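Only one structure is covered here, and it is reproduced in the block below.
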Amino acid sequence: MADDLRKQFNLVKKQLFDKLYSRLNEKQREAVYSVNGPLLVLAGAGSGKTTVLVNRIAHILSFGNLYGDDGAVNVDVELLAKAQSLLENGAATEIRAFLSVLAEDKPQPYELLCITFTNKAANEFKARLENILGENSKELWSGTFHSVCVRILRRHIELLGYNSDFTIYDTDDTKRIITDIYKELDLSEDALAPRTASNEISRAKESSMLPDEYEIYAGNDSRLNTVAKIYRRYQHSLKMANALDFDDIILLTLKLFDEYPEVLDKYRNRFKYISVDEYQDTNLTQNRLVLMLSSKHCNVCVVGDDDQSIYSFRGATVENILSFDKAFRNCRTIRLEQNYRSTQNILSAANAIIGNNTLRKGKNLWTDKGAGERILLKKQYTQSEEAGYIVSYIREQVMHNNAKYSDFAVLYRLNALSNALEIIFSKSRIPYRVFGGTRFYERKEIKDILAYLAVINNPSDNVRIKRILNVPKRGIGNTTSVAIYDLAEREGKSVYDVIKDAAFYPEIQKSASKLDGFCSLMAELRELSQTITPSELIKSVIERTKYRDMVLASDEPERAENLDELVSAAMMFEENAEDASLAAFLADIALVTDVDNYDTDANAVTLMTVHSSKGLEFPTVFLPAFEDGIFPSTQAIMSGSTAALEEERRLAYVAVTRAKEHLVISHTGTRLLYGQTTQNPLSRFVEEIPKNLVTIEQSVKTVYNNVSEAKRKYVSSQQSFIKNVTKTPAESKPAVEQFEVGARVDHFSFGKGTVKKLTPMGGDVLYEIEFDRADVGVKKLMGSFAKLRRS
DNA sequence: ATGGGGCTGCTTTTT
DNA sequence: GCAGCCCCAT
């Protein structure tokens with residue numbers, strides 16, 4: 001009898017929940033209800049992923065385990081009656097209140113961890129939760145992998161021999177260190193590009209390889225051994241400076257957990273529920289971190305879309321999402337395929353494009369919105385025409401169709417493409433905002449002031465001291481600077497300590513008075529920093545170092561405005577942050593990105609890269625420069641690697657799925673990029689869109705350029721990545737056939753051979769070819785001169 | 001030590 | 001096309 005009652009009640013209870021979440025579809029609800037155990041949500045573009053995540057977290061906090069059959073209470077007739085009446089005619093708030101009271105074992109907000117891809121996503125997340133749950137949801141831990149790890153490291157990093165005032169180095173700092181190491185070890189940049197070395201180190205760190213292990217991995221390979229040497233030095237420099245790079249933030253957190261199980265226990269006990277968004281963009285160490293943190297309660301929900309994995313170049317691996325169900329055998333998988341964003345035509349185009357990828361789980365987006373408009377494919381003669389078309393299209397829609405500027409976005413493959421667009425946009429008086437390019441925190445004057453703050457916060461920060469030692473000019477030149485760094489290395493001291501005792505070292509005695517001046521300035525500021533807020537400190541730094549005077553006297557005095565903007569940024573930070581210390585401010589800005597400042601309210605057209613647009617949506621999207629050689633990029637085409645091309649295709653998929661109603665793809669006859677005029681054929685990805693979804697328009701001028709389908713196909717396959725050196729099409733070089741790695745070729749005098757390697761050079765390609773004839777062997781040949789034929 | 005002039009090289013994408 | 005680098009002259 002009691003059993004019966006319970007069964008009945010459970011049924012009504014579930015119906016109540018369904019009513020509460022009636023705005024969600026069945027799959028979405030299923031995800032919300034799957035509270036316990038590992039959960040993988042494969043969420044297609046625009047499938048309401050964020051809604052699901054937010055609702056799921058809110059659900060966990062409000063109702064804990066209540067949805068499950070064993071999740072409640074003493075059931076009596078009265079309770080059942082109440083539930084039934086609510087089901088009949090209860091308001092959402094009543095149902096919510098009723099269920100909430102029944103729930104036992106509700107977790108506290110601080111027992112939940114939500115990892116998002118950007119800080120902005122994290123903040124939105126919190127805001128939406130607060131809307132549903134009110135103030136106390138603030139305690140929830142949400143942030144990016146990096147911000148969460150920094151928070152953990154701040155508390156425990158002393159166990160690993162670092163000071164908790166550590167500095168976070170960005171790619172620019174990293175580059176400076178690597179450059180210094182090249183000089184120190186007398187390495188040639190031609191043999192191994194610094195950026196390659198730096199990338200290689202980053203990859204090593206992303207797979208938890210420390211210098212010792214990397215050395216073993218390098219084996220006899222001389223190139224890798226050089227990297228190993230650089231890596232070791234690099235890590236040493238960071239340690240000496242009490243600094244962490246982006247990879248270290250994750251890596252050291254893992255190390256902390258590995259070496260101090262009691263610290264790991266603290267956190268894995270604490271986080272009863274973990275969710276991770278954009279899982280397709282996690283790397284190996286991040287994946288390990290998730291597995292470690294969830295190893296106690298195993299309530300881990302990861303959300304992602306393998307088709308939107310676009311960060312493998314920085315170590316993200318789709319493998320994490322593809323093998324999540326192997327890491328957790330009892331994992332439940334839910335697919336969200338209904339799209340709420342785009343029209344069917346746009347989705348069909350996206351599906352058709354992504355369908356050409358082989359390495360995917362497979363998904364098919366659909367909508368009940370109807371076909372909508374066709375995709376517009378526009379060919380222009382020049383890029384200014386292309387930009388002009390976009391501008392006039394927007395103006396037309398705003399003037400006559402009641403559109404807002406913020407309904408439009410222009411998404412491009414390369415930041416370099418934004419220039420031509422910006423020129424036209426700024427002439428047109430259409431409000432627009434550009435994301436990316438030189439970002440606010442990467443401006444020289446901002447980085448200089450931040451360097452002062454970093455050194456105030458962490459005097460061992462050798463890299464940042466170098467940046468400001470003679471900025472503004474105070475008579476400390478290169479010779480002195482080099483001597484100081486040599487001394488610091490020799491004495492095993494920090495650069496700051498050497499400067500402090502300048503009079504003591506004969507090598508730098510001459511400059512001792514100037515160095516003393518620098519030191520007392522820094523000491524004074526450091527003293528100040530104990531008593532005033534970051535924004536006030538910034539003002540003091542700007543004035544006392546005479547930095548503002550320097551900027552005002554320069555040929556770009558308007559840069560002083562940026563200094564004021566930095567002060568405002570700090571004030572904003574102070575208003576919102578729980579911990580408004582200098583260290584916290586520095587950590588915060590080290591981890592923000594441009595997209596974090598993306599303001600959805602501003603009524604302006606958005607210009608950004610496709611990468612930055614992930615997660616956003618716009619009624620109308622323009623995709624200029626959809627050309628082979630740009631999208632997909634030259635390097636992806638030339639590498640001949642399927643994986644690289646498939647990543648480009650995923651990127652195209654992301655681009656197309658940003659559009660809600662109108663999609664305008666365009667390409668041009670000639671394009672000026674990096675100071676060179678290029679002629680690129682239409683992107684191969686456009687060829688993958690079924691013709692019945694597309695309307696093709698050409699500007700009048702380009703009609704003469706129209707060629708037969710067959711010829712265009714030929715050009716597209718043969719000439720795709722040639723950058724023409726000359727300005728006019730008439731003078732351009734004839735197409736030279738290109739070969740991929742592994743291709744069999746025939747040379748008029750060397751005979752047959754196999755392409756082993758290719759390197760882009762100027763508008764040409766350098767091939768390394770292993771010829772069959774033993775007396776010829778391996779030869780390096782330039783593509784345009786070698787007269788190679790496919791054999 | 002500083003400032004200017006000419007050069008090269010570099011162009012995915014970013015936490 | 002341009003920024004940042006190096007080298008040279010002051």
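Ligands are numbered from 1 in the order shown, chains are lettered A, B, ... in the order of the structure tokens, and residues start at 1 in each chain.
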
Q: Run DSSP on the backbone of this structure and report the residues of range 387-489 of chain A it assigns to strand (DSSP E or B), as a ChimeraX atom specification.
A: /A:408-412,432-434

Q: Using only C-alpha atoms (C1' of nucleotides), find which residues of chain A lie within 12 Å of chain C and jot them down as a PyMOL selection string.
A: chain A and resi 416+419-420+438+672-677

Grab the residues selected above and save them as an mmCIF file, in the first residue's frame with N, CA and C atoms.
data_model
loop_
_atom_site.group_PDB
_atom_site.id
_atom_site.type_symbol
_atom_site.label_atom_id
_atom_site.label_comp_id
_atom_site.auth_asym_id
_atom_site.auth_seq_id
_atom_site.Cartn_x
_atom_site.Cartn_y
_atom_site.Cartn_z
ATOM 1 N N ALA A 416 44.125 39.597 -40.129
ATOM 2 C CA ALA A 416 44.670 40.485 -41.154
ATOM 3 C C ALA A 416 43.595 40.944 -42.139
ATOM 4 N N ASN A 419 41.419 44.651 -41.764
ATOM 5 C CA ASN A 419 41.861 45.962 -42.238
ATOM 6 C C ASN A 419 40.987 46.555 -43.320
ATOM 7 N N ALA A 420 40.879 45.799 -44.418
ATOM 8 C CA ALA A 420 40.124 46.286 -45.567
ATOM 9 C C ALA A 420 38.691 46.582 -45.174
ATOM 10 N N THR A 438 45.254 43.889 -32.218
ATOM 11 C CA THR A 438 45.986 44.223 -30.998
ATOM 12 C C THR A 438 44.978 44.457 -29.893
ATOM 13 N N LEU A 672 44.304 41.767 -51.655
ATOM 14 C CA LEU A 672 45.587 42.274 -51.192
ATOM 15 C C LEU A 672 45.767 41.850 -49.743
ATOM 16 N N LEU A 673 46.766 40.997 -49.518
ATOM 17 C CA LEU A 673 46.983 40.497 -48.177
ATOM 18 C C LEU A 673 48.477 40.456 -47.894
ATOM 19 N N TYR A 674 48.867 40.954 -46.750
ATOM 20 C CA TYR A 674 50.286 41.010 -46.392
ATOM 21 C C TYR A 674 51.097 41.700 -47.476
ATOM 22 N N GLY A 675 50.523 42.734 -48.071
ATOM 23 C CA GLY A 675 51.256 43.508 -49.051
ATOM 24 C C GLY A 675 51.389 42.839 -50.396
ATOM 25 N N GLN A 676 50.731 41.721 -50.576
ATOM 26 C CA GLN A 676 50.812 41.039 -51.856
ATOM 27 C C GLN A 676 49.418 40.807 -52.419
ATOM 28 N N THR A 677 49.307 40.940 -53.731
ATOM 29 C CA THR A 677 48.032 40.654 -54.358
ATOM 30 C C THR A 677 47.937 39.165 -54.647
#

Which residues of chain B come within 7 Å of chain A, and what is each one's closest atom pair and distance in Å (one decimal), counting only C-alpha atoms (C1' of nucleotides), sorted by chain and residue number, as CSV?
residue,atom,partner,partner_atom,distance
B:DA1,C1',A:Gly477,CA,5.7
B:DT11,C1',A:Tyr674,CA,7.0
B:DT12,C1',A:Leu414,CA,6.1
B:DT13,C1',A:His611,CA,6.2
B:DT15,C1',A:Phe246,CA,6.8

Go ahead and write the selection's residues with N, CA and C atoms (P, O5', C5', C4', C3', O3' and C1' of nucleotides) as a short mmCIF file (atom, residue, chain, number, x, y, z; two decimals), in the first residue's frame.
data_model
loop_
_atom_site.label_atom_id
_atom_site.label_comp_id
_atom_site.auth_asym_id
_atom_site.auth_seq_id
_atom_site.Cartn_x
_atom_site.Cartn_y
_atom_site.Cartn_z
P DA B 1 75.03 52.43 -21.25
"O5'" DA B 1 74.52 53.77 -21.96
"C5'" DA B 1 74.22 54.89 -21.17
"C4'" DA B 1 73.35 55.82 -21.95
"C3'" DA B 1 71.99 55.24 -22.34
"O3'" DA B 1 71.05 56.31 -22.27
"C1'" DA B 1 73.20 55.75 -24.30
P DT B 11 54.22 34.79 -37.85
"O5'" DT B 11 53.63 33.64 -38.76
"C5'" DT B 11 53.11 33.90 -40.00
"C4'" DT B 11 51.82 34.73 -39.88
"C3'" DT B 11 50.87 34.47 -41.05
"O3'" DT B 11 49.97 33.42 -40.77
"C1'" DT B 11 51.37 36.74 -41.00
P DT B 12 50.64 32.21 -39.76
"O5'" DT B 12 49.85 32.20 -38.50
"C5'" DT B 12 48.79 32.27 -38.18
"C4'" DT B 12 47.58 32.97 -38.57
"C3'" DT B 12 46.80 33.26 -37.33
"O3'" DT B 12 45.96 34.36 -37.58
"C1'" DT B 12 46.01 31.31 -38.45
P DT B 13 45.48 35.29 -36.56
"O5'" DT B 13 44.60 34.13 -35.99
"C5'" DT B 13 43.41 34.33 -35.33
"C4'" DT B 13 42.91 32.99 -34.90
"C3'" DT B 13 43.13 32.77 -33.43
"O3'" DT B 13 41.98 33.26 -32.76
"C1'" DT B 13 43.52 30.79 -34.72
P DT B 15 41.64 34.00 -25.21
"O5'" DT B 15 41.72 33.05 -23.92
"C5'" DT B 15 40.90 31.91 -23.86
"C4'" DT B 15 41.52 30.92 -22.90
"C3'" DT B 15 41.92 31.51 -21.55
"O3'" DT B 15 41.51 30.61 -20.51
"C1'" DT B 15 43.78 30.47 -22.54
#

**Q.** All alpha helix (DSSP H) residues (DSSP, backbone) inside range 40-283 of chain A, as a PyMOL selection string
**A.** chain A and resi 49-63+77-89+92-102+119-133+145-156+171-184+194-206+211-218+222-240+246-259+261-270

Q: Grab the CA of Tyr381 in chain A to CA of Arg684 in chain A distance for me, in Å with one decimal place.
A: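 The value is 18.9 Å.
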
Q) Between A:Asn123, A:Asn402, A:Gln380, A:Ser613, which one has atoms that come closest to Leu682 in chain A, using only C-alpha atoms? A) A:Gln380

Q | Top pick for closest residue to Lys379 in chain A, considering A:Glu278, A:Asp579, A:Glu627, A:Glu561 and counting only C-alpha atoms | A | A:Glu627
